[in-house]
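Report on the structure given below.
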Amino acid sequence: MKSVGRKCCFKLVLILGILALAAAPLSAQQTPAPASTSSPSATPEVSKALNDRLKELDQRVTAAQSAGDNAWMLVSAALVLMMTGPGLALFYGGLVRRKNTLAIMMQSFALMALITVMWALVGYSLCFGGNGPVIGGFEHAFLRGVGAEPNPDYAGTIPQATFMVYQLMFAIITPALITGATAERMKFSGTVLFLTLWFLVVYAPLAHMVWGKGGLLNASLGGKFPCLDFAGGTVVHISSGVSALVCALYLGKRTGYPKQPMPPHSLVLSFIGACLLWVGWFGFNAGSALAASSLATSAFVATHFATAAAALGWSAAEWLRNGRASALGAISGAVAGLVAITPASGFVGPMPALAIGLIAGVVCYLMVTKVKAVFGYDDALDAFGVHGAGGTIGALLTGVFAQQVINPIFGAGKPVGGLDGHWSQIGNQLVGVLIAWGFALVGTIILLKITDLITGLRVPEEQEIEGLDITQHGEEAYNLES
Amino acid sequence: MMKLEAIIQPSRFESVKDALREIGIEGMTVTEVRGHGRQKGHTEVYRGREYTVDLLPKIKLEMVLADALVNRVVDTILKTAKTGKIGDGKIFLSRVEEAIRIRNEERGESAL
């Protein structure tokens with residue numbers, strides 16, 4: 001998703017500058033020429049020298065752009081890793097009861113290690129190797145051929161190794177989001193096995209379909225249903241959110257839910273975590289431009305505005321219903337806004353971003369407080385209510401609000417979203433949403449069955465009451481006697 | 001000798017302590033406790049789920065007094081701990097058979 005126009009314009013200015021500069025040494029060389037010989041053969045030599053010089057300077061321009069893009073993409077990769085640890089680990093860690101704090105944090109951290117190794121072995125290749133419609137191939141298994149050379153299919157100005165490590169951070173946070181639904185009752189062994197399988201069977205195909213070359217839903221690389229998903233609304237949020245719902249239903253409620261009170265043990269931790277998520281998300285969304293371009297700026301701005309509007313939307317809804325605006329409500333709203341703007345971030349300006357954020361804040365509030373209570377499922381930390389619902393709303397609203405002035409992805413002057421005059425884009429978005437929902441639903445049910453047979457899923461009731469920190473990890477988050 | 005236990009509002013604790021010092025009370029043991037009598041708790045709402053918190057924070061004062069002091073201390077606590085609202089707490093008095101100072105094994109009221 002590179003802006004070609006910007007690059008051309010940049011080069012043109014440079015070439016003009018070079019011509020002006022080259023004129024000075026040229027005249028110096030030419031001055032003695034009439035004294036020695038008056039042969040006209042000087043002209044080809046001069047044009048050759050000029051050509052070499054232009055070529056050299058052209059290379060320098062490319063190198064300079066690559067340096068700029070690479071710097072931003074490495075920072076973005078680090079920011080996205082920060083979203084999982086400490087961001088999500090703190091956010092979820094504060095929401096559980098004290099006895100399960102380390103267990104939920106450890107699940108995020110385990111994925112940071114586990115998915116990284118899987119990514120190096122086959123993960124990257126399954127997502128971004130090959131050009132099939134559903135899944136990649138094995139051409140980059142063991143990171144074969146992934147080095148300093150750019151991969152022009154995805155990001156032509158940065159080393160493929162940068163692109164690879166950036167995409168890895170997305171693969172880490174996605175399964176980590178699911179642990180919000182299984183919190184406080186799932187075995188560590190079952191969690192590790194299930195999420196590893198989930199990464200291979202659900203995440204990798206979806207990532208390939210949406211972002212991979214030739215993928216069924218890829219809007220910029222020849223997909224059959226061009227679904228707009230700038231930074232992972234379908235791949236990351238719908239997939240994890242819907243799988244979270246399946247997990248919550250399959251595992252059943254926590255012992256004592258909903259009669260026994262289970263308030264968050266430290267909203268301070270959650271607060272810090274949510275703020276880290278907000279900051280990290282700039283790497284997630286603006287980094288998805290895959291260059292330090294004006295599109296990255298646009299995505300950065302859209303992300304920020306949507307998040308603010310969503311925090312206000314959730315808080316206002318809460319204030320109207322309960323008479324108070326809570327800190328948990330404000331940070332939950334911000335996360336909902338970040339989720340919803342994710343697919344739209346590289347396609348909309350600030351005003352549509354405000355609208356998307358506001359809608360997501362209010363709808364996710366209703367999902368978490370009303371819909372969950374009506375259906376009675378125990379999505380412990382609202383992974384579905386925020387990521388599943390927010391991701392779905394965001395994907396559909398992207399079809400409404402995407403603007404060709406921001407990102408002319410279908411070609412210059414061609415409308416992108418509904419308000420541009422391309423209402424059928426909402427249909428494409430719907431196809432993307434349905435495929436992601438279907439894939440996540442079916443894949444998760446099958447993988448939960450398999451995991452259940454191998455390691456089991458739930459801890460025994462007495463271990464659940466004692467807490468997962470002691471029973472799963474043999475330690476406590478808060479050792480008040482030491 | 002009498003043992004006095006008073007459960008009071010945390011917001012009144014500093015005033016009670018100062019007033020007791022003014023009438024010459026030198027020793028007391030204080031604990032932060034939680035509990036409730038007739039006072040109802042408050043509700044907390046987390047993502048739409050309401051929790052009733054009915055154990056409220058209180059301060060418990062404990063002291064053992066010479067018989068001659070008891071009435072003055074009770075009056076002082078009544079005067080300073082009262083806000084007039086439900087939840088102001090209670091005072092319990094009970095007889096104490098013996099007091100022994102560990103340092104020099106003094107006994108009776110002189111050990112207080």
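Letters A, B, ... mark the chains of the structure tokens in the order given; residue numbers begin at 1 per chain; ligand numbers begin at 1, in order shown.
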Using only C-alpha atoms, which residues of chain A come within 8 Å of chain B, and what is the closest atom pair for each, with the distance in Å to one decimal? Give it as a tab-separated table, sorted by chain and residue number.
residue	atom	partner	partner_atom	distance
A:Pro261	CA	B:Tyr51	CA	6.2
A:Pro263	CA	B:Tyr46	CA	6.8
A:Pro264	CA	B:Tyr46	CA	7.8
A:Leu328	CA	B:Tyr46	CA	7.0
A:Gly329	CA	B:Arg47	CA	6.6
A:Tyr365	CA	B:Arg47	CA	7.8
A:Val368	CA	B:Arg47	CA	6.7
A:Thr369	CA	B:Gly48	CA	4.6
A:Lys370	CA	B:Gly48	CA	7.7
Let's have the selection written as a CSV table (one decimal), in the first residue's frame, with N, CA and C atoms.
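Just written: out25.csv:
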chain,number,residue,atom,x,y,z
A,261,PRO,N,-19.6,-12.5,43.3
A,261,PRO,CA,-18.9,-11.3,42.7
A,261,PRO,C,-17.5,-11.6,42.2
A,263,PRO,N,-15.1,-9.0,40.9
A,263,PRO,CA,-14.6,-7.7,40.4
A,263,PRO,C,-13.2,-7.7,40.1
A,264,PRO,N,-12.7,-6.8,39.2
A,264,PRO,CA,-11.3,-6.8,38.8
A,264,PRO,C,-10.5,-6.5,40.1
A,328,LEU,N,-12.9,2.1,34.3
A,328,LEU,CA,-12.9,0.9,33.5
A,328,LEU,C,-13.7,1.1,32.2
A,329,GLY,N,-14.8,1.9,32.3
A,329,GLY,CA,-15.6,2.2,31.1
A,329,GLY,C,-14.8,3.0,30.1
A,365,TYR,N,-20.2,-1.1,24.4
A,365,TYR,CA,-20.8,-0.9,25.7
A,365,TYR,C,-22.0,-1.8,25.9
A,368,VAL,N,-21.2,-5.6,25.9
A,368,VAL,CA,-20.6,-6.1,27.1
A,368,VAL,C,-21.6,-6.1,28.3
A,369,THR,N,-22.5,-5.0,28.4
A,369,THR,CA,-23.3,-4.9,29.5
A,369,THR,C,-24.7,-5.5,29.3
A,370,LYS,N,-25.2,-5.5,28.1
A,370,LYS,CA,-26.6,-6.0,27.9
A,370,LYS,C,-26.6,-7.3,27.2
Give me the residues within 12 Å of Gly474 in chain A as a PyMOL selection string, counting only C-alpha atoms and dropping any in the same chain fewer than 3 places off. chain A and resi 99-100+102-103+188+463+466-471+477
Could you save the residues just selected, with C-alpha atoms, as a compact mmCIF listing (two decimals), in the first residue's frame?
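Result written to again-v5.txt:
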# COMPACT_ATOMS: atom_id res chain seq x y z
CA LYS A 99 -5.34 -15.39 42.47
CA ASN A 100 -5.22 -15.56 38.65
CA LEU A 102 0.22 -14.29 36.99
CA ALA A 103 -1.57 -17.03 35.06
CA PHE A 188 -1.98 -23.74 31.05
CA GLN A 463 -7.98 -25.76 41.52
CA GLU A 466 -7.59 -22.03 44.76
CA GLY A 467 -6.51 -20.00 41.75
CA LEU A 468 -4.49 -20.65 38.62
CA ASP A 469 -1.34 -18.89 39.88
CA ILE A 470 -0.66 -21.54 42.52
CA THR A 471 -2.15 -24.56 40.77
CA ALA A 477 1.37 -12.61 42.13
* At what distance in Å, to one decimal, does CA of Val235 in chain A lie from CA of Leu206 in chain A? ->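 Distance reported for this atom pair: 5.7 Å.
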(request) Name the residues in contact with Ala113 in chain A at a cut-off of 12 Å, using only C-alpha atoms, excluding same-chain residues fewer than 6 positions from it; report them as a ChimeraX atom specification. (result) /A:81,84-85,106-107,119-120,168-169,171-173,176,192,196
Can you list, as a PyMOL selection string, all residues belonging to range 226-385 of chain A that DSSP tags as alpha helix (DSSP H)? chain A and resi 239-251+267-285+294-322+327-344+350-366+372-375+383
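The two atoms in question, CA of Ile356 in chain A and CA of Ala317 in chain A, are spaced 15.6 Å apart.
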Given only C-alpha atoms as the counted atoms, nearest of B:Arg101, B:His36, B:Lys3, B:His42 to Gly89 in chain B:
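Going through B:Arg101, B:His36, B:Lys3, B:His42 one by one, the smallest distance to Gly89 in chain B is for B:His36.
If only C-alpha atoms are the atoms counted, then among A:Trp319, A:Arg97, A:Phe410, A:Leu88 the closest residue to Leu276 in chain A is A:Leu88.
Comparing A:Ile450, A:Ile359, A:Leu74, A:His422 by their smallest distance to Pro159 in chain A, the closest is A:Leu74 (using only C-alpha atoms).
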Using CA of Leu193 in chain A and CA of Val122 in chain A as the two end points, give the distance in Å to one decimal.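 CA of Leu193 in chain A sits 16.4 Å away from CA of Val122 in chain A.
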